[in-house]
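Just start38.csv here, CSV, C-alpha atoms:
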chain,number,residue,atom,x,y,z
A,1,MET,CA,-35.9,63.1,-39.9
A,2,ARG,CA,-35.0,63.6,-36.2
A,3,SER,CA,-31.7,62.1,-34.9
A,4,ARG,CA,-32.0,59.5,-32.1
A,5,CYS,CA,-30.8,60.7,-28.6
A,6,GLY,CA,-30.1,58.7,-25.4
A,7,PHE,CA,-29.0,55.1,-24.8
A,8,THR,CA,-30.4,51.9,-25.9
A,9,LEU,CA,-31.3,49.2,-23.3
A,10,VAL,CA,-28.2,47.2,-24.3
A,11,GLU,CA,-25.9,50.2,-23.9
A,12,LEU,CA,-27.4,51.0,-20.5
A,13,LEU,CA,-26.9,47.4,-19.3
A,14,VAL,CA,-23.3,47.4,-20.6
A,15,ALA,CA,-22.6,50.7,-18.7
A,16,VAL,CA,-24.1,49.3,-15.5
A,17,ALA,CA,-22.0,46.1,-15.9
A,18,LEU,CA,-18.8,48.1,-16.4
A,19,ALA,CA,-19.7,50.3,-13.3
A,20,SER,CA,-20.2,47.2,-11.2
A,21,VAL,CA,-16.9,45.7,-12.3
A,22,LEU,CA,-15.1,48.9,-11.5
A,23,LEU,CA,-16.8,49.2,-8.1
A,24,GLY,CA,-15.8,45.6,-7.4
A,25,LEU,CA,-12.2,46.4,-8.1
A,26,LEU,CA,-12.2,49.6,-6.1
A,27,LEU,CA,-13.9,48.4,-2.9
A,28,PRO,CA,-11.2,46.0,-1.8
A,29,ALA,CA,-8.6,48.7,-2.4
A,30,VAL,CA,-10.6,51.2,-0.4
A,31,LYS,CA,-11.1,48.7,2.4
A,32,SER,CA,-7.4,47.9,2.5
A,33,ALA,CA,-6.5,51.6,2.6
A,34,ARG,CA,-8.9,52.1,5.5
A,35,ALA,CA,-7.4,49.2,7.4
A,36,ALA,CA,-3.9,50.5,6.8
A,37,ALA,CA,-4.9,53.9,8.1
A,38,ARG,CA,-6.4,52.4,11.3
A,39,ARG,CA,-3.3,50.3,11.8
A,40,SER,CA,-1.1,53.4,11.4
A,41,GLU,CA,-3.3,55.4,13.8
A,42,CYS,CA,-3.0,52.6,16.4
A,43,ALA,CA,0.7,52.6,16.1
A,44,SER,CA,0.8,56.3,16.6
A,45,HIS,CA,-1.3,56.0,19.8
A,46,LEU,CA,1.2,53.5,21.2
A,47,ARG,CA,4.2,55.8,20.3
A,48,GLN,CA,2.5,58.7,22.1
A,49,LEU,CA,1.9,56.5,25.1
A,50,GLY,CA,5.5,55.4,25.1
A,51,ILE,CA,6.6,59.0,25.2
A,52,ALA,CA,4.1,59.6,28.1
A,53,PHE,CA,5.7,56.7,30.0
A,54,THR,CA,9.1,58.3,29.8
A,55,LEU,CA,7.8,61.7,30.9
A,56,LEU,CA,5.8,60.2,33.7
A,57,ALA,CA,8.8,58.3,35.0
A,58,ALA,CA,10.9,61.4,34.9
A,59,ALA,CA,8.4,63.2,37.0
A,60,ASN,CA,7.6,60.3,39.3
A,61,ASP,CA,10.9,59.1,40.7
A,62,ARG,CA,11.4,57.0,37.6
A,63,ALA,CA,8.3,54.8,38.3
A,64,PHE,CA,6.2,53.3,35.6
A,65,PRO,CA,2.4,53.6,35.6
A,66,ARG,CA,0.7,51.1,37.9
A,67,ALA,CA,-2.1,48.7,36.9
A,68,HIS,CA,-5.5,49.9,38.3
A,69,ALA,CA,-4.0,53.2,39.4
A,70,GLY,CA,-6.3,54.0,42.3
A,71,ALA,CA,-9.8,52.8,43.3
A,72,ASP,CA,-11.5,53.5,40.0
A,73,ARG,CA,-8.8,54.4,37.5
A,74,SER,CA,-7.0,52.5,34.8
A,75,TRP,CA,-3.2,53.0,34.4
A,76,ILE,CA,-3.9,55.2,31.4
A,77,GLU,CA,-5.5,57.9,33.5
A,78,THR,CA,-2.0,58.5,35.1
A,79,THR,CA,-0.7,59.6,31.7
A,80,ARG,CA,-3.1,62.5,31.4
A,81,PRO,CA,-0.6,65.2,32.4
A,82,PHE,CA,1.8,64.0,29.7
A,83,ILE,CA,-0.5,63.6,26.7
A,84,GLU,CA,-2.4,66.5,25.0
A,85,ASP,CA,-5.6,64.4,24.6
A,86,THR,CA,-5.7,61.1,26.4
A,87,LEU,CA,-9.1,60.3,24.8
A,88,ALA,CA,-7.6,60.4,21.4
A,89,VAL,CA,-5.0,57.7,22.1
A,90,ARG,CA,-6.6,55.4,24.7
A,91,VAL,CA,-8.5,53.2,22.2
A,92,CYS,CA,-7.5,51.4,19.0
A,93,PRO,CA,-9.7,52.4,16.1
A,94,THR,CA,-10.1,48.7,15.1
A,95,ASP,CA,-11.1,47.6,18.6
A,96,PRO,CA,-14.8,46.5,18.4
A,97,LYS,CA,-15.3,47.6,22.1
A,98,ARG,CA,-13.6,50.9,21.7
A,99,ASP,CA,-16.7,52.9,22.6
A,100,ARG,CA,-17.3,50.9,25.7
A,101,TRP,CA,-13.7,51.4,26.9
A,102,LEU,CA,-14.2,55.1,26.6
A,103,GLU,CA,-17.4,54.9,28.6
A,104,LEU,CA,-15.5,53.0,31.3
A,105,ALA,CA,-12.5,55.4,31.2
A,106,SER,CA,-10.5,52.4,30.3
A,107,THR,CA,-8.3,51.5,27.2
A,108,SER,CA,-7.8,49.1,24.4
A,109,TYR,CA,-4.2,48.6,25.5
A,110,LEU,CA,-3.0,46.3,28.3
A,111,ILE,CA,0.0,47.2,30.3
A,112,SER,CA,2.4,44.4,31.1
A,113,GLU,CA,2.5,43.2,34.7
A,114,TYR,CA,6.3,43.1,34.4
A,115,ILE,CA,6.4,46.9,34.9
A,116,ALA,CA,3.0,47.7,36.4
A,117,LEU,CA,1.9,45.1,39.0
A,118,PRO,CA,3.6,45.1,42.4
A,119,THR,CA,2.4,41.5,43.1
A,120,SER,CA,4.5,40.2,40.2
A,121,ILE,CA,7.8,41.5,41.6
A,122,ASP,CA,8.5,38.0,42.9
A,123,PHE,CA,8.5,36.8,39.3
A,124,GLY,CA,11.4,39.1,38.3
A,125,SER,CA,9.4,42.2,37.5
A,126,VAL,CA,10.5,45.8,38.0
A,127,ASP,CA,8.6,49.0,38.9
A,128,ARG,CA,11.0,51.7,37.9
A,129,ILE,CA,12.4,52.6,34.5
A,130,ASP,CA,16.0,52.7,35.8
A,131,GLN,CA,15.7,49.0,36.8
A,132,LEU,CA,15.4,47.9,33.2
A,133,HIS,CA,18.5,46.3,31.8
A,134,ALA,CA,17.1,45.5,28.3
A,135,PRO,CA,14.5,48.2,27.4
A,136,SER,CA,14.5,47.2,23.7
A,137,LYS,CA,13.4,43.6,24.7
A,138,THR,CA,10.8,44.6,27.3
A,139,VAL,CA,7.2,44.7,26.1
A,140,VAL,CA,5.2,47.3,28.1
A,141,LEU,CA,1.9,47.5,26.1
A,142,LEU,CA,-0.1,45.0,24.1
A,143,GLU,CA,-3.5,45.1,22.3
A,144,GLY,CA,-6.3,43.7,24.5
A,145,ALA,CA,-8.4,40.8,23.3
A,146,ASP,CA,-11.9,41.2,21.8
A,147,THR,CA,-13.1,38.8,24.5
A,148,ARG,CA,-12.1,41.1,27.4
A,149,ALA,CA,-15.1,41.6,29.7
A,150,ALA,CA,-16.7,44.9,29.2
A,151,GLU,CA,-19.5,44.3,31.8
A,152,PRO,CA,-19.3,43.2,35.4
A,153,PRO,CA,-20.0,39.5,36.1
A,154,LEU,CA,-23.2,38.5,37.8
A,155,LEU,CA,-23.3,39.2,41.6
A,156,VAL,CA,-20.6,41.8,41.2
A,157,ASP,CA,-21.4,45.4,42.2
A,158,PRO,CA,-21.1,47.4,39.0
A,159,SER,CA,-20.0,50.5,41.0
A,160,THR,CA,-16.8,48.7,42.1
A,161,TRP,CA,-16.1,46.6,39.1
A,162,ARG,CA,-13.2,47.6,36.8
A,163,PRO,CA,-12.2,46.0,33.5
A,164,ASP,CA,-8.8,44.4,33.3
A,165,ASP,CA,-6.2,46.9,32.3
A,166,HIS,CA,-3.1,44.7,32.4
A,167,ALA,CA,-1.7,41.5,31.0
A,168,HIS,CA,-0.1,38.6,32.8
A,169,PRO,CA,2.7,37.1,30.7
A,170,GLY,CA,4.8,35.9,33.6
A,171,THR,CA,2.3,34.8,36.2
A,172,VAL,CA,-0.4,33.3,33.9
A,173,TRP,CA,0.7,32.8,30.2
A,174,PHE,CA,4.1,31.3,30.9
A,175,SER,CA,3.5,30.0,34.4
A,176,PRO,CA,5.0,26.5,35.0
A,177,LYS,CA,1.5,25.1,35.0
A,178,SER,CA,0.5,26.7,31.7
A,179,VAL,CA,3.7,25.6,30.0
A,180,ALA,CA,3.4,22.0,31.4
A,181,LYS,CA,-0.2,21.7,30.2
A,182,GLY,CA,0.3,23.4,26.8
A,183,ARG,CA,-2.0,26.2,27.7
A,184,VAL,CA,0.2,29.2,26.9
A,185,TRP,CA,-1.5,30.2,23.7
A,186,ARG,CA,-5.0,29.9,25.2
A,187,ARG,CA,-4.0,32.0,28.2
A,188,LEU,CA,-2.3,34.6,26.0
A,189,THR,CA,-5.3,35.0,23.7
A,190,ASN,CA,-7.7,35.3,26.6
A,191,GLU,CA,-6.0,38.6,27.2
A,192,VAL,CA,-4.4,39.7,24.0
A,193,GLN,CA,-5.6,40.0,20.4
A,194,PRO,CA,-2.7,38.9,18.2
A,195,ASP,CA,-4.6,39.5,15.0
A,196,ARG,CA,-6.1,42.9,15.9
A,197,HIS,CA,-5.1,44.3,12.5
A,198,GLY,CA,-5.6,41.2,10.3
A,199,ALA,CA,-2.3,39.6,10.1
A,200,GLY,CA,-0.9,40.9,13.4
A,201,SER,CA,-1.0,43.4,16.2
A,202,HIS,CA,1.3,46.0,17.8
A,203,LEU,CA,3.7,45.8,20.7
A,204,LEU,CA,5.2,48.8,22.5
A,205,TYR,CA,8.6,48.2,24.0
A,206,ALA,CA,10.1,50.1,26.9
A,207,ASP,CA,12.5,52.0,24.6
A,208,GLY,CA,9.6,53.6,22.8
A,209,ARG,CA,9.7,51.3,19.8
A,210,VAL,CA,6.4,50.1,18.3
A,211,ALA,CA,6.6,46.8,16.5
A,212,PHE,CA,3.9,45.2,14.3
A,213,VAL,CA,4.2,41.4,14.9
A,214,GLY,CA,2.3,38.8,13.0
A,215,GLY,CA,-0.1,36.6,14.8
A,216,ASP,CA,1.7,33.5,13.6
A,217,ALA,CA,5.0,34.8,14.9
A,218,VAL,CA,3.4,35.5,18.3
A,219,ARG,CA,2.0,32.0,18.4
A,220,ALA,CA,5.4,30.5,17.5
A,221,ARG,CA,7.1,32.4,20.3
A,222,ALA,CA,4.4,31.4,22.7
A,223,GLU,CA,4.5,27.7,21.8
A,224,ALA,CA,8.3,27.8,22.1
A,225,ALA,CA,7.6,28.6,25.8
A,226,GLY,CA,9.8,31.7,25.7
A,227,ASN,CA,8.3,34.7,27.5
A,228,PHE,CA,8.9,37.3,24.8
A,229,CYS,CA,7.5,40.1,27.1
A,230,TYR,CA,10.1,39.6,29.8
A,231,PRO,CA,13.8,40.2,28.8
A,232,ASP,CA,16.2,37.3,29.0
A,233,GLN,CA,13.3,34.8,29.0
A,234,GLY,CA,12.5,34.8,25.3
A,235,GLU,CA,13.2,36.6,22.0
A,236,GLY,CA,12.4,40.2,22.2
Represent the structure of the file as structure tokens.
Amino acid sequence: MRSRCGFTLVELLVAVALASVLLGLLLPAVKSARAAARRSECASHLRQLGIAFTLLAAANDRAFPRAHAGADRSWIETTRPFIEDTLAVRVCPTDPKRDRWLELASTSYLISEYIALPTSIDFGSVDRIDQLHAPSKTVVLLEGADTRAAEPPLLVDPSTWRPDDHAHPGTVWFSPKSVAKGRVWRRLTNEVQPDRHGAGSHLLYADGRVAFVGGDAVRARAEAAGNFCYPDQGEG
């Protein structure tokens, strides 16, 4: 009498069910690990850009990068001499428009007008690193919003259009009009993605520190009408 080999239908179904359960348990863990890796990579990009800012200032009469540095360049292009591979750090791996920013020679990260926009000097801004009196409380880079325009508006010449490469915490988010009308959060989220990495996003400070700040914490700061990007105007 020959012995029976193989699985019965019931055994096969049990094996499939067990495999499905295990897969269901593993997939969230894998997804979480990938998200953590992307978040860590983003933070690394910002740290490298912070180092590049310091090196650029040392070689450029202590000046910070400027928003829209030239006719067709983002501020990040000026960091090229101080980073081994600018392409590797200019976009966040979680940014849904990261490929488009690369096509446009732009970046996922917005530089703060406080250090990079000459027209905001009247709002208490600075343009040189030696003018900072509180580097640890001065936000210099933020993660750009998903809603940032990646294409030129109608009736605008595509050859001259450039995507925004800077944020406006002083002149727009916390302007007297925005504060009075309760529009700070809306203005902020038009430019910045506070939940880029699920619960929060990264901020780069002028002293090179990268902080992961929860979206709820950013909103609380914004609704308290304290400009956390400008030192002495809000909690750093």
- Query: Could you pull the residues within 8 Å of Gly208 of chain A, counting only C-alpha atoms, minus those fewer than 3 positions along the same chain, as a list in words?
  - Reply: Arg47, Gly50, Ile51, Leu204 and Tyr205 of chain A
- Message: Set the distance at 10 Å and use only C-alpha atoms: which residues neighbour Ala222 of chain A once local chain neighbours fewer than 5 positions away are removed? I'd like the list as a PyMOL selection string.
- Response: chain A and resi 169+173-174+179+182-186+188+216-217+227-228+234
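Distance annotation: of A:Pro93, A:Pro65, A:Gly24, A:Gly200, the residue with the minimal separation from Arg80 of chain A is A:Pro65; atom set is only C-alpha atoms.
The spacing separating atom CA of Gly198 of chain A from atom CA of Ser112 of chain A amounts to 22.5 Å.
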Report as a Markdown table: every residue of segment 28-93 of chain A with an atom at most 6 Å from segment 127-143 of chain A, its closest pair of atoms, and their distance in Å to one decimal, counting only C-alpha atoms, with rows sorted by chain and ascending residue number.
| residue | atom | partner | partner_atom | distance |
| --- | --- | --- | --- | --- |
| A:Arg62 | CA | A:Arg128 | CA | 5.3 |
| A:Ala63 | CA | A:Arg128 | CA | 4.1 |
| A:Phe64 | CA | A:Arg128 | CA | 5.6 |
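Between atom CA of Ile115 of chain A and atom CA of Thr94 of chain A lies a distance of 25.8 Å.
The smallest atom-to-atom distance between Thr171 of chain A and any of A:Val218, A:Ala199, A:Cys229, A:Ala224, using all atoms listed in the file, is found for A:Cys229.
If you measure from each of A:Ala19, A:Val210, A:Leu155, A:Ile83 to Glu41 of chain A using only C-alpha atoms, the closest one turns out to be A:Val210.
Closest approach to Leu102 of chain A among A:Val21, A:Ala15, A:Val192, A:Ile76: A:Ile76, based on only C-alpha atoms.
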- Item | Atomic distance atom CA of Pro81 of chain A - atom CA of Leu55 of chain A, expressed in Å with one decimal | 9.2 Å
Go ahead and find all residues with at least one atom no further than 12 Å from (-0.5, 54.0, 13.1) in the file's coordinates, using all atoms listed in the file; report them as a compact mmCIF listing (two decimals) with C-alpha atoms, keeping the file's coordinate frame.
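Output below, filename selection_28.txt:
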# COMPACT_ATOMS: atom_id res chain seq x y z
CA ARG A 34 -8.90 52.10 5.50
CA ALA A 35 -7.40 49.20 7.40
CA ALA A 36 -3.90 50.50 6.80
CA ALA A 37 -4.90 53.90 8.10
CA ARG A 38 -6.40 52.40 11.30
CA ARG A 39 -3.30 50.30 11.80
CA SER A 40 -1.10 53.40 11.40
CA GLU A 41 -3.30 55.40 13.80
CA CYS A 42 -3.00 52.60 16.40
CA ALA A 43 0.70 52.60 16.10
CA SER A 44 0.80 56.30 16.60
CA HIS A 45 -1.30 56.00 19.80
CA LEU A 46 1.20 53.50 21.20
CA ARG A 47 4.20 55.80 20.30
CA GLN A 48 2.50 58.70 22.10
CA VAL A 89 -5.00 57.70 22.10
CA CYS A 92 -7.50 51.40 19.00
CA PRO A 93 -9.70 52.40 16.10
CA THR A 94 -10.10 48.70 15.10
CA HIS A 197 -5.10 44.30 12.50
CA SER A 201 -1.00 43.40 16.20
CA HIS A 202 1.30 46.00 17.80
CA LEU A 203 3.70 45.80 20.70
CA VAL A 210 6.40 50.10 18.30
CA ALA A 211 6.60 46.80 16.50
CA PHE A 212 3.90 45.20 14.30
